[in-house]
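Enquirer: Supplied in structure tokens, the structure appears directly below.
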Amino acid sequence: MAENKLIDVNNLKTYFHTEEGTVKAVAGVSFEIYPGETLGVVGESGCGKSVTSLSIMRLIESPPGKIEEGEILFNGKDLTKLSQGQMRKIRGNDISMIFQEPMTSLNPVYTVGDQIMEAILIHKNVNKKQAREEAINMLRKVGIPLPEQRVDEYPHQLSGGMRQRIMIAMALSCDPQLLIADEPTTALDVTIQAQILELMNSLKAQFGMAIMMITHDLGVIAEVSDRVAVMYAGKIVEYTDVKTLYADPKHPYTWGLMHSIPHIEKDLDRLEAIPGNVPNPLDFPDGCKYNTRCPFATDKCRVDEPDIEEVEEGHYSACWHVDKLEAKKSEEKGA
Amino acid sequence: MEWQEVTLRLFKNKISLIGLILVIGFGLIAVFAPWIAPPADPSEPYMVPRAGWGFEPKPPSAEHIFGTAEGQYDIFYGIIWGTRTAFRIGFIIVGISTLIGIAIGTLAGFYGGWFDEIVMRVTDIFMAIPFLIAAIVLTTILGQGLRNVMIALITFGWMNTARLMRSQVLSIKEEEFVMAADALGAGDVRIIFKHVILNTIFPLVIEASMRMGSMVITASTLSFLGIGAPEGYADWGQMISFARNWILGGQGNAIQYWFTVVIPGSAITLFCLSWNLIGDAFRDILDPKLQ
């Protein structure tokens, strides 16, 4: 199995050295993505999911950011050791990225055609005319009507959903092996969200690429992912396939998240929420970082930080008290 | 915003329309100067012809419709050919100093760090020197002549553009589309030229058009002070300097020699005003906060 991992991230640590202190945005993260699969990365704002993706792209602004430790093996090559020049050949070509805000991710002074052609002209050895043909082709693939006309339009003439389609067309124009999608649907309304997710799923099948889907939306994760990594305070706290995660969460944080989703058949007066807030990244608690909000926390949790361990086959969790969670779950089922 | 729309709004705005008409008028005068005022010696069209060697200016007449200045220089000829000089001075000074400002501001803003720090402190030093005095000193060192005036004004005229450009670049480079271009594998040169500079161009257009007028006035000032155009050269500042002895008028008649001051003065004022009007109009059109 080890050979055909597309990307293998080992103990990645990305810190930001600010004047107030060091922010450990990503504090030892390991995961892998196989060709053609979708890995969902889910977590609250500020848990380090975007920084993880930017670290893979090596787009962390330095200073203040720095990849302190760990390796990112892409097809066996360690991306953390490449020069910026070598990295540029990979960006957009082997790994590409789409961003959260389709409104601001396109340059307002160029036509969308120009912008799709940009990636093609950088990475492929073609002339402008061929690149334009290719751009029109891509527009057709992402489901833009009248691509021959749209190719000459400016971003302000298009709606949010259309622009996100353009972003996807740009990202896929060089046939990448990995697409990193950083909250691609957050800025869109729900019906457009569903369309974009459907489009991404069908393009994934068509292009055979892997997707790393970063989101805070558990619904999006359920819809597109094969496996899921749940992040909290710069670490992965639970890591398993998507069905198991929803059916049988093994980390109190994931369990808390599932609990806070309202169910349509249950009559609720109040939404259940996880108490407290995400800890300040400049001042993380000792021990398990979730101990301030966890209902099962003991003295041990406040001193020792649990490592992520396999609790069932293919199901990893970083918690000292998986048994307590199990007891609570069976108690609830009984009630 | 697209160019068609900008042009349309430029024509709709009355004030900018006045500015545009004036600039176009000056442009036509400059282009058709050889027909409006045929030079006596085609090899030296910029030398203003003299109608004799008399000292006292002569009022407008059929032969010299704007009259003659001190030394019998024909004012009409000086104004017409001076338009060309004004455009040349304006475009060269503003063009080159804007390019220098763009280059310095962009590099400082884009790369930041110690490079930014050094470059912007040098800019501060240049800004600390009083502009007119610096220009006078440098022109005097280099020697009289329009070329040296232009060199001096370029040397001390790029700092505002550089600062403006730097601030623009600092905000544009944080835009997501720059990050997106980075994520597509675009290099620095491509990002700077394609994604950064073009998005900062409107404030620079405004600034440059405002500076057109002020640079021409400053160049005229230097000519008036006698370190600009050589004597007899068609230049508005030079034409006013001929009036220096006659500004107070003759005995008992304060406005006896009005034409020596008012005519070249109006030319400079209108030229400067027209560029400022255009600059103002551009700002109104392009600044979304003022709409």
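Convention: chains lettered A, B, ... in structure tokens order; per-chain residue numbering from 1; ligands numbered from 1 as shown.
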So that I can check the surroundings of Ile217 in chain B, please list as a PyMOL selection string every protein, DNA and RNA residue that reaches within 9 Å of it, counting only C-alpha atoms and ignoring chain neighbours fewer than 5 positions away.
Expert: chain B and resi 212+222+237+268-269+272
Enquirer: When you look at Thr123 in chain B with a cut-off of 10 Å (counting only C-alpha atoms), what residues show up, excluding the ones that are within fewer than 6 positions of it in the same chain? I need them as a list of chain:residue names.
Expert: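 Non-adjacent residues within range: B:Gly101, B:Ile104, B:Gly105, B:Glu117, B:Phe156, B:Trp158, B:Met159, B:Asn160, B:Ala162, B:Arg163.
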Enquirer: Give me the range 77-158 of chain B side of the contact with range 18-32 of chain B, cut-off 7 Å, one line per residue showing its nearest atom pair and distance in Å at one decimal, counting only C-alpha atoms, sorted by chain and residue number, as a Markdown table.
Expert:
```
| residue | atom | partner | partner_atom | distance |
| --- | --- | --- | --- | --- |
| B:Ile80 | CA | B:Ile29 | CA | 6.5 |
| B:Trp81 | CA | B:Ala30 | CA | 6.8 |
| B:Thr83 | CA | B:Ala30 | CA | 5.4 |
| B:Arg84 | CA | B:Ala30 | CA | 4.8 |
```
Enquirer: Using only C-alpha atoms and a distance of at most 6 Å, pull out the residues of chain B that contact chain A, as a ChimeraX atom specification.
Expert: /B:176-177,183-185
Enquirer: Keeping only C-alpha atoms, write the selected residues to a file as a PDB file, in the first residue's frame.
Expert:
```
ATOM      1  CA  GLU B 176      -7.012  36.256  -2.991  1.00  0.00           C
ATOM      2  CA  PHE B 177      -6.480  36.296  -6.735  1.00  0.00           C
ATOM      3  CA  ALA B 183      -1.263  28.470  -6.442  1.00  0.00           C
ATOM      4  CA  LEU B 184      -1.329  28.076 -10.236  1.00  0.00           C
ATOM      5  CA  GLY B 185       2.445  28.211 -10.304  1.00  0.00           C
TER       6      GLY B 185
END
```
Enquirer: Using backbone DSSP assignments, extract all strand (DSSP E or B) residues from range 7-199 of chain B; output them as a list in words.
Expert: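 The residues of range 7-199 of chain B classed as strand (DSSP E or B) are Met47, Arg50, Lys58, Thr68, Tyr73 and Asp74 of chain B.
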Enquirer: Would you mind listing what lies within 10 Å of range 255-258 of chain A as a PyMOL selection string, with only C-alpha atoms counted and same-chain residues fewer than 6 positions away left out?
Expert: chain A and resi 43-44+218+245-249+272-275+293-295+325+329
Enquirer: May I have the residues within 10 Å of range 235-239 of chain A as a ChimeraX atom specification, using only C-alpha atoms and disregarding those fewer than 2 positions away in the same chain?
Expert: /A:11-13,24-31,39-43,47-49,227-233,241-242,244-245,249-254,288-290,306-310,314-319
Enquirer: For the residues in the current selection, export C-alpha atoms as a PDB file, in the first residue's frame.
Expert:
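As written to disk, again-v2.pdb reads:
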```pdb
ATOM      1  CA  ASN A  11       4.229  14.850  11.596  1.00  0.00           C
ATOM      2  CA  LEU A  12       3.822  18.227   9.884  1.00  0.00           C
ATOM      3  CA  LYS A  13       4.376  21.211  12.142  1.00  0.00           C
ATOM      4  CA  LYS A  24       1.393  26.428  16.676  1.00  0.00           C
ATOM      5  CA  ALA A  25      -1.167  26.457  13.892  1.00  0.00           C
ATOM      6  CA  VAL A  26      -0.357  22.911  12.815  1.00  0.00           C
ATOM      7  CA  ALA A  27       1.196  20.905  15.615  1.00  0.00           C
ATOM      8  CA  GLY A  28       2.090  17.489  14.296  1.00  0.00           C
ATOM      9  CA  VAL A  29      -0.340  16.303  11.662  1.00  0.00           C
ATOM     10  CA  SER A  30      -0.078  13.026   9.764  1.00  0.00           C
ATOM     11  CA  PHE A  31      -2.373  11.721   7.069  1.00  0.00           C
ATOM     12  CA  LEU A  39     -10.155  13.135   2.061  1.00  0.00           C
ATOM     13  CA  GLY A  40     -12.331  15.473   4.066  1.00  0.00           C
ATOM     14  CA  VAL A  41     -10.636  17.690   6.627  1.00  0.00           C
ATOM     15  CA  VAL A  42     -13.130  19.134   9.062  1.00  0.00           C
ATOM     16  CA  GLY A  43     -12.758  21.432  12.027  1.00  0.00           C
ATOM     17  CA  CYS A  47      -8.030  24.693  13.935  1.00  0.00           C
ATOM     18  CA  GLY A  48      -5.259  24.649  11.330  1.00  0.00           C
ATOM     19  CA  LYS A  49      -6.995  23.050   8.388  1.00  0.00           C
ATOM     20  CA  ARG A 227     -12.273   9.297   4.552  1.00  0.00           C
ATOM     21  CA  VAL A 228     -12.310  12.111   7.091  1.00  0.00           C
ATOM     22  CA  ALA A 229      -9.761  13.740   9.355  1.00  0.00           C
ATOM     23  CA  VAL A 230     -11.222  15.773  12.203  1.00  0.00           C
ATOM     24  CA  MET A 231      -8.914  18.551  13.356  1.00  0.00           C
ATOM     25  CA  TYR A 232      -8.899  20.373  16.635  1.00  0.00           C
ATOM     26  CA  ALA A 233      -6.352  22.976  17.768  1.00  0.00           C
ATOM     27  CA  ASP A 241     -13.682   6.474   6.803  1.00  0.00           C
ATOM     28  CA  VAL A 242     -16.742   8.620   6.482  1.00  0.00           C
ATOM     29  CA  THR A 244     -17.703   4.920  10.524  1.00  0.00           C
ATOM     30  CA  LEU A 245     -17.195   8.509  11.589  1.00  0.00           C
ATOM     31  CA  PRO A 249     -17.406   8.585  16.491  1.00  0.00           C
ATOM     32  CA  LYS A 250     -14.556   7.656  18.805  1.00  0.00           C
ATOM     33  CA  HIS A 251     -13.483  11.093  19.955  1.00  0.00           C
ATOM     34  CA  PRO A 252     -15.519  13.279  22.323  1.00  0.00           C
ATOM     35  CA  TYR A 253     -15.038  16.282  20.023  1.00  0.00           C
ATOM     36  CA  THR A 254     -16.478  14.520  16.979  1.00  0.00           C
ATOM     37  CA  CYS A 288      -5.257  17.155  25.750  1.00  0.00           C
ATOM     38  CA  LYS A 289      -6.213  20.426  24.074  1.00  0.00           C
ATOM     39  CA  TYR A 290      -9.885  19.517  24.259  1.00  0.00           C
ATOM     40  CA  PRO A 306      -2.921  11.556  24.106  1.00  0.00           C
ATOM     41  CA  ASP A 307      -1.356  10.426  20.841  1.00  0.00           C
ATOM     42  CA  ILE A 308      -3.543   9.410  17.966  1.00  0.00           C
ATOM     43  CA  GLU A 309      -3.950   5.628  18.095  1.00  0.00           C
ATOM     44  CA  GLU A 310      -5.804   2.959  16.226  1.00  0.00           C
ATOM     45  CA  GLY A 314      -8.704   1.807  10.275  1.00  0.00           C
ATOM     46  CA  HIS A 315     -10.194   4.060  12.945  1.00  0.00           C
ATOM     47  CA  TYR A 316      -7.825   6.402  14.769  1.00  0.00           C
ATOM     48  CA  SER A 317      -8.618   8.581  17.743  1.00  0.00           C
ATOM     49  CA  ALA A 318      -6.611  10.707  20.144  1.00  0.00           C
ATOM     50  CA  CYS A 319      -8.399  10.253  23.448  1.00  0.00           C
TER      51      CYS A 319
END
```
Enquirer: Pick out each residue of range 45-288 of chain A that DSSP on the backbone tags as alpha helix (DSSP H); I need them as a PyMOL selection string.
Expert: chain A and resi 49-57+84-90+112-123+128-141+147-150+160-172+190-207+218-224+242-247+252-259
Enquirer: Expressed in Å to a single decimal, how great is the separation between CA of Tyr15 in chain A and CA of Ile221 in chain A?
Expert: 26.7 Å
Enquirer: Pick from A:Ala135, A:Thr240, A:Gly70, A:Gly161: nearest to Thr191 in chain A, with only C-alpha atoms counted?
Expert: A:Gly161
Enquirer: Would you please work out which residue, of B:Gly226, B:Gly232, B:Pro57, B:Pro264, is nearest to Ile136 in chain B when using only C-alpha atoms?
Expert: B:Gly226
Enquirer: Near Ile192 in chain A, within 12 Å and counting only C-alpha atoms, which residues show up once chain neighbours fewer than 4 positions away are dropped, as a list in words?
Expert: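 Close residues of Ile192 in chain A: Ser159, Gly160, Gly161, Met162, Arg163, Gln164, Arg165, Pro184, Thr185, Thr186, Ala187, Leu188, Ile196, Leu197, Glu198 and Leu199 of chain A.
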Enquirer: For those residues, write C-alpha atoms to a file as a compact mmCIF listing (two decimals), in the first residue's frame.
Expert:
```
# COMPACT_ATOMS: atom_id res chain seq x y z
CA SER A 159 -22.55 35.01 -10.50
CA GLY A 160 -20.83 33.46 -7.48
CA GLY A 161 -21.58 29.90 -8.55
CA MET A 162 -20.31 30.58 -12.06
CA ARG A 163 -17.12 32.08 -10.69
CA GLN A 164 -16.52 29.05 -8.52
CA ARG A 165 -16.94 26.94 -11.66
CA PRO A 184 -15.10 25.84 -1.89
CA THR A 185 -18.79 26.11 -1.08
CA THR A 186 -18.80 28.24 2.06
CA ALA A 187 -19.53 31.49 0.23
CA LEU A 188 -22.27 30.02 -1.94
CA ILE A 196 -20.74 22.60 -7.13
CA LEU A 197 -20.24 19.50 -4.98
CA GLU A 198 -21.94 17.37 -7.61
CA LEU A 199 -19.73 18.91 -10.27
```
Enquirer: What are the closest atom pairs, with distances in Å to one decimal, for all residues of range 202-270 of chain B lying within 10 Å of range 33-48 of chain B? Consider only C-alpha atoms, order rows by chain and residue number, and present the result as a tab-separated table.
Expert:
```
residue	atom	partner	partner_atom	distance
B:Pro230	CA	B:Met47	CA	9.5
B:Glu231	CA	B:Met47	CA	8.7
B:Gly232	CA	B:Val48	CA	5.5
B:Tyr233	CA	B:Met47	CA	4.9
B:Ala234	CA	B:Tyr46	CA	5.3
B:Asp235	CA	B:Tyr46	CA	8.5
B:Met239	CA	B:Val48	CA	9.8
```
Enquirer: Write the residues of the preceding selection, restricted to N, CA and C atoms, as an mmCIF file, in the first residue's frame.
Expert:
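Contents of selection05.cif, as written:
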```cif
data_model
loop_
_atom_site.group_PDB
_atom_site.id
_atom_site.type_symbol
_atom_site.label_atom_id
_atom_site.label_comp_id
_atom_site.auth_asym_id
_atom_site.auth_seq_id
_atom_site.Cartn_x
_atom_site.Cartn_y
_atom_site.Cartn_z
ATOM 1 N N PRO B 230 16.701 78.521 -23.218
ATOM 2 C CA PRO B 230 17.601 79.600 -23.613
ATOM 3 C C PRO B 230 16.800 80.775 -24.186
ATOM 4 N N GLU B 231 17.380 81.958 -24.186
ATOM 5 C CA GLU B 231 16.637 83.139 -24.608
ATOM 6 C C GLU B 231 16.140 83.003 -26.046
ATOM 7 N N GLY B 232 14.882 83.372 -26.229
ATOM 8 C CA GLY B 232 14.305 83.322 -27.565
ATOM 9 C C GLY B 232 13.659 81.998 -27.891
ATOM 10 N N TYR B 233 13.775 80.998 -26.992
ATOM 11 C CA TYR B 233 13.175 79.687 -27.236
ATOM 12 C C TYR B 233 11.696 79.748 -26.908
ATOM 13 N N ALA B 234 10.868 79.111 -27.762
ATOM 14 C CA ALA B 234 9.421 79.167 -27.541
ATOM 15 C C ALA B 234 9.039 78.344 -26.320
ATOM 16 N N ASP B 235 8.821 79.056 -25.212
ATOM 17 C CA ASP B 235 8.459 78.392 -23.963
ATOM 18 C C ASP B 235 7.653 79.383 -23.150
ATOM 19 N N MET B 239 8.266 83.320 -22.054
ATOM 20 C CA MET B 239 7.445 84.436 -22.505
ATOM 21 C C MET B 239 7.076 85.328 -21.317
#
```
